[in-house]
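> Sharing model02.cif below, mmCIF, C-alpha atoms:
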```
data_input
loop_
_atom_site.label_atom_id
_atom_site.label_comp_id
_atom_site.auth_asym_id
_atom_site.auth_seq_id
_atom_site.Cartn_x
_atom_site.Cartn_y
_atom_site.Cartn_z
CA MET I 7 5.55 -30.92 5.74
CA MET I 8 2.06 -30.52 7.16
CA SER I 9 3.36 -28.13 9.81
CA LYS I 10 4.86 -26.01 7.03
CA ALA I 11 1.68 -26.04 5.01
CA LEU I 12 -0.42 -25.03 7.98
CA LEU I 13 2.01 -22.20 8.70
CA ILE I 14 1.77 -20.91 5.15
CA VAL I 15 -2.01 -20.85 5.03
CA SER I 16 -2.48 -19.45 8.52
CA LEU I 17 -0.95 -16.08 7.52
CA THR I 18 0.32 -15.45 11.01
CA SER I 19 3.32 -13.28 10.25
CA VAL I 20 3.91 -10.98 13.21
CA SER I 21 3.63 -7.66 11.43
CA ALA I 22 1.88 -9.10 8.43
CA PHE I 23 -1.61 -8.03 9.35
CA LEU I 24 -0.95 -4.62 10.80
CA PRO I 25 -2.29 -1.49 9.10
CA PHE I 26 0.03 -0.42 6.30
CA THR I 27 0.05 3.37 6.07
CA PRO I 28 2.19 5.42 3.70
CA LEU I 29 5.63 6.62 4.75
CA ASN I 30 6.33 10.33 4.90
CA VAL I 31 8.94 10.19 2.18
CA ALA I 32 9.92 12.60 -0.52
CA ARG I 33 8.17 12.13 -3.79
CA VAL I 34 10.15 10.30 -6.42
CA ALA I 35 11.33 12.50 -9.24
CA LYS I 36 10.08 11.76 -12.74
CA THR I 37 13.54 11.39 -14.20
CA SER I 38 15.10 8.53 -16.08
CA GLY I 39 17.18 6.21 -13.92
CA PRO I 40 19.51 3.28 -14.53
CA VAL I 41 16.65 1.00 -15.62
CA MET I 42 13.22 2.60 -15.99
CA LYS I 43 11.54 5.54 -14.34
CA LEU I 44 8.55 5.05 -12.10
CA GLY I 45 5.16 6.04 -13.44
CA PRO I 46 2.74 8.45 -11.75
CA GLY I 47 1.39 5.69 -9.51
CA GLY I 48 4.79 5.15 -7.89
CA GLU I 49 5.33 8.67 -6.64
CA GLY I 50 5.70 8.73 -2.87
CA LEU I 51 4.87 5.02 -2.56
CA ILE I 52 6.58 3.33 0.36
CA GLY I 53 9.68 1.43 -0.75
CA SER I 54 9.92 3.32 -4.05
CA ASP I 55 12.77 5.57 -2.91
CA ILE I 56 15.26 2.94 -1.73
CA GLU I 57 17.91 0.80 -3.45
CA LEU I 58 16.74 1.27 -7.08
CA PRO I 59 14.14 4.05 -6.96
CA THR I 60 13.59 3.85 -10.71
CA TRP I 61 13.14 0.07 -10.98
CA ASP I 62 9.83 -0.76 -12.63
CA PRO I 63 10.66 -2.88 -15.71
CA LEU I 64 7.05 -4.04 -16.20
CA GLY I 65 5.58 -0.57 -15.81
CA PHE I 66 3.15 -1.33 -12.99
CA THR I 67 3.30 2.24 -11.74
CA ASN I 68 2.29 3.66 -15.10
CA ASN I 69 -1.27 3.14 -13.95
CA ALA I 70 -2.17 6.29 -12.06
CA ASN I 71 -5.45 4.89 -10.73
CA PRO I 72 -5.05 4.93 -6.91
CA GLU I 73 -7.33 1.91 -6.48
CA THR I 74 -5.23 -0.15 -8.87
CA ILE I 75 -1.99 0.89 -7.19
CA ASP I 76 -3.46 -0.02 -3.79
CA TRP I 77 -4.41 -3.42 -5.21
CA TYR I 78 -0.85 -3.93 -6.44
CA ARG I 79 0.55 -3.01 -3.04
CA ALA I 80 -1.88 -5.29 -1.18
CA ALA I 81 -0.93 -8.14 -3.53
CA GLU I 82 2.78 -7.50 -2.99
CA LEU I 83 2.36 -7.52 0.77
CA LYS I 84 0.27 -10.69 0.71
CA HIS I 85 2.77 -12.56 -1.45
CA GLY I 86 5.67 -11.28 0.66
CA ARG I 87 4.01 -12.43 3.89
CA VAL I 88 3.26 -15.89 2.53
CA ALA I 89 6.81 -16.13 1.16
CA MET I 90 8.30 -15.23 4.56
CA LEU I 91 6.31 -18.04 6.19
CA ALA I 92 7.18 -20.44 3.36
CA ALA I 93 10.91 -19.69 3.57
CA LEU I 94 10.81 -20.19 7.34
CA GLY I 95 8.92 -23.46 6.84
CA GLU I 96 11.48 -24.69 4.31
CA ILE I 97 14.21 -24.34 6.92
CA PHE I 98 12.19 -25.42 9.98
CA GLN I 99 10.95 -28.69 8.50
CA SER I 100 14.54 -29.78 7.85
CA PHE I 101 14.96 -30.02 11.62
CA TYR I 102 11.51 -31.12 12.77
CA HIS I 103 8.40 -32.74 11.31
CA LEU I 104 5.43 -34.67 12.62
CA PRO I 105 6.12 -38.36 13.45
CA ASP I 106 4.34 -39.74 10.40
CA PRO I 107 5.94 -41.68 7.51
CA VAL I 108 4.24 -39.38 5.01
CA PHE I 109 6.59 -36.62 6.16
CA SER I 110 9.75 -38.72 5.75
CA GLU I 111 11.07 -36.46 2.96
CA SER I 112 10.95 -33.31 5.08
CA SER I 113 14.56 -32.41 4.24
CA LYS I 114 13.44 -31.94 0.63
CA PRO I 115 10.44 -29.57 0.87
CA TRP I 116 9.28 -29.80 -2.74
CA GLU I 117 9.59 -33.59 -2.77
CA ALA I 118 7.81 -33.70 0.58
CA LEU I 119 4.85 -31.82 -0.88
CA GLN I 120 4.69 -34.27 -3.77
CA GLN I 121 4.81 -37.18 -1.32
CA VAL I 122 1.88 -35.81 0.67
CA TYR I 123 -0.05 -35.30 -2.57
CA SER I 124 0.54 -38.88 -3.73
CA GLU I 125 0.00 -40.61 -0.36
CA ARG I 126 -2.53 -38.33 1.35
CA PRO I 127 -4.46 -36.44 -1.36
CA LEU I 128 -7.16 -35.45 1.14
CA ALA I 129 -4.50 -33.61 3.14
CA VAL I 130 -3.83 -31.45 0.08
CA VAL I 131 -7.56 -30.77 -0.18
CA GLN I 132 -7.53 -29.61 3.45
CA ILE I 133 -4.62 -27.29 2.70
CA LEU I 134 -6.43 -25.79 -0.28
CA LEU I 135 -9.61 -25.27 1.75
CA ALA I 136 -7.60 -23.54 4.49
CA ILE I 137 -6.01 -21.27 1.90
CA PHE I 138 -9.44 -20.46 0.49
CA ALA I 139 -10.80 -19.65 3.97
CA CYS I 140 -7.86 -17.35 4.76
CA GLU I 141 -8.27 -15.63 1.41
CA VAL I 142 -11.99 -15.00 1.97
CA ILE I 143 -11.44 -13.64 5.48
CA GLY I 144 -8.54 -11.46 4.35
CA GLN I 145 -10.43 -10.05 1.40
CA ALA I 146 -13.42 -9.27 3.60
CA GLN I 147 -11.18 -7.17 5.85
CA GLN I 148 -9.37 -5.55 2.93
CA ALA I 149 -12.68 -4.54 1.34
CA LEU I 150 -13.76 -2.42 4.32
CA PRO I 151 -14.16 1.28 3.44
CA GLY I 152 -10.97 3.30 3.81
CA GLN I 153 -8.83 0.23 4.47
CA ALA I 154 -5.11 0.69 3.76
CA PRO I 155 -3.45 -1.88 1.48
CA GLY I 156 -2.51 -4.96 3.49
CA ASN I 157 -4.45 -3.93 6.59
CA LEU I 158 -6.27 -7.02 7.88
CA ASN I 159 -7.13 -5.59 11.31
CA TRP I 160 -5.09 -8.17 13.16
CA ASP I 161 -2.37 -7.22 15.63
CA PRO I 162 -2.32 -9.90 18.38
CA LEU I 163 1.06 -8.76 19.72
CA ASN I 164 0.08 -5.08 19.70
CA LEU I 165 3.06 -4.10 17.62
CA ARG I 166 1.44 -0.98 16.23
CA SER I 167 3.65 1.77 17.60
CA ASP I 168 2.22 5.15 18.54
CA ASP I 169 5.46 6.70 17.33
CA GLU I 170 5.00 7.33 13.61
CA GLU I 171 8.72 7.20 12.80
CA THR I 172 9.06 3.79 14.45
CA TRP I 173 5.92 2.54 12.75
CA GLU I 174 7.17 3.68 9.35
CA LYS I 175 10.38 1.71 9.86
CA VAL I 176 8.38 -1.41 10.76
CA GLN I 177 6.33 -1.11 7.56
CA LEU I 178 9.41 -0.64 5.40
CA ARG I 179 11.12 -3.58 7.09
CA GLU I 180 8.17 -5.84 6.34
CA LEU I 181 8.10 -4.77 2.71
CA LYS I 182 11.81 -5.36 2.15
CA ASN I 183 11.85 -8.69 3.98
CA GLY I 184 8.82 -9.82 1.99
CA ARG I 185 10.51 -8.98 -1.29
CA LEU I 186 13.62 -10.88 -0.26
CA ALA I 187 11.54 -13.86 0.87
CA MET I 188 9.75 -14.07 -2.48
CA LEU I 189 13.12 -14.43 -4.20
CA ALA I 190 14.37 -16.84 -1.53
CA ILE I 191 11.47 -19.31 -1.69
CA ALA I 192 11.66 -19.37 -5.49
CA ALA I 193 15.42 -20.04 -5.24
CA PHE I 194 14.84 -22.83 -2.70
CA PHE I 195 12.58 -24.71 -5.10
CA VAL I 196 14.87 -24.15 -8.08
CA GLN I 197 17.99 -25.33 -6.26
CA GLU I 198 16.21 -28.44 -4.94
CA ASN I 199 15.18 -29.41 -8.46
CA LEU I 200 18.68 -28.75 -9.79
CA THR I 201 20.67 -30.43 -7.02
CA GLY I 202 18.22 -32.98 -5.63
CA GLN I 203 18.83 -31.65 -2.11
CA GLY I 204 16.92 -29.38 0.24
CA PRO I 205 18.51 -26.09 1.35
CA ILE I 206 19.78 -27.32 4.73
CA GLU I 207 20.65 -30.76 3.37
CA GLN I 208 22.78 -29.16 0.68
CA ILE I 209 24.72 -27.01 3.14
CA VAL I 210 25.34 -29.93 5.54
CA ALA I 211 26.58 -32.09 2.65
CA GLY I 212 28.98 -29.36 1.57
CA HIS I 213 27.32 -29.29 -1.82
CA ILE I 214 27.59 -25.56 -2.30
CA ASN I 215 28.31 -25.44 -6.03
CA PRO I 216 25.81 -27.29 -8.27
CA PHE I 217 28.25 -27.30 -11.20
CA GLY I 218 30.56 -30.21 -11.96
CA ASP I 219 30.57 -32.06 -8.61
CA GLY I 220 28.47 -35.00 -9.76
CA GLN I 221 25.65 -34.34 -7.28
CA GLY I 222 23.34 -32.00 -9.12
CA TYR I 223 21.76 -31.20 -12.43
CA PHE I 224 24.99 -29.85 -13.94
#
```
Produce structure tokens that represent the structure in this file.

Amino acid sequence: MMSKALLIVSLTSVSAFLPFTPLNVARVAKTSGPVMKLGPGGEGLIGSDIELPTWDPLGFTNNANPETIDWYRAAELKHGRVAMLAALGEIFQSFYHLPDPVFSESSKPWEALQQVYSERPLAVVQILLAIFACEVIGQAQQALPGQAPGNLNWDPLNLRSDDEETWEKVQLRELKNGRLAMLAIAAFFVQENLTGQGPIEQIVAGHINPFGDGQGYF
């Protein structure tokens, strides 16, 4: 559990801290779509022209202020990056955890976090302090003049391609994987609370359907 928590707060996603520059994509038309048209702030925004280009049910893009839109994009990237690490940690800790009794519930990530909180409350304080430190450092980088949303000036693997087309694909890939990871980590926690089993534990037990098998909430 501690290894997962440290992973989440370290924000060490490979492409997570690379400069995020806009894609050279066609501007999104201001026409009604299957759900809701994008507002002025969504025109030409990376990721706005794929899958459901008119999907903005809460109207975030109705704010045409570029600074606000950049803040939204930076927040989306940050949450997506943390979610990717969290989803990886959920799976990884089912196979390995530190040799300490406090991590004995590692197959159930949410229960494991509760166990650490009840048995080692100071460990939770350490986690929160690490999160705070990462947030301060990240915000300091993001606040630099002319900084692109999500750019934290950190590329230890030198993944920033000189080829703009390749670099655009990397940025889009990160955005889409982050969105998927946000849904995945939320689903992991929901299914654990409904079934009483962690994601890997549930698959190994053959408990695929939470309805009517006597093992879960339903």
> Measuring atom to atom with all atoms listed in the file, identify which of I:Thr74, I:Ala89, I:Phe109, I:Glu117 is nearest to Lys182 of chain I.
I:Ala89
> So which residues get picked by the PyMOL selection byres ((chain I and resi 80) around 10) here, written as a VMD selection string?
chain I and resid 26 74 to 79 81 to 86 148 154 to 157
> Which residues, written as an MDAnalysis selection string, have at least one atom at most 8 Å from Met90 of chain I, with all atoms listed in the file counted and residues fewer than 5 positions away on the same chain left out?
chainID I and resid 19 183:184 187:188
> Between I:Phe101, I:Tyr123, I:Trp116, I:Phe66, single out the one closest to Leu200 of chain I, counting all atoms listed in the file.
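Closest candidate: I:Trp116.
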> Out of I:Phe195, I:Val176, I:Glu170, I:Leu189, which residue has the shortest atom-to-atom distance to Leu119 of chain I when counting only C-alpha atoms?
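Smallest distance to Leu119 of chain I is found for I:Phe195.
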> Could you give me the axis-aligned bounding box of segment 71-85 of chain I, with 4 Å of padding per side, as centre plus edge lengths in Å to one decimal, as JSON?

```
{"center_x": -2.3, "center_y": -3.8, "center_z": -5.0, "size_x": 18.1, "size_y": 25.5, "size_z": 19.5}
```
> Residues at most 10 Å from Glu198 of chain I, counting all atoms listed in the file, excluding those fewer than 3 positions away in the same chain, as a count of residues only?
16
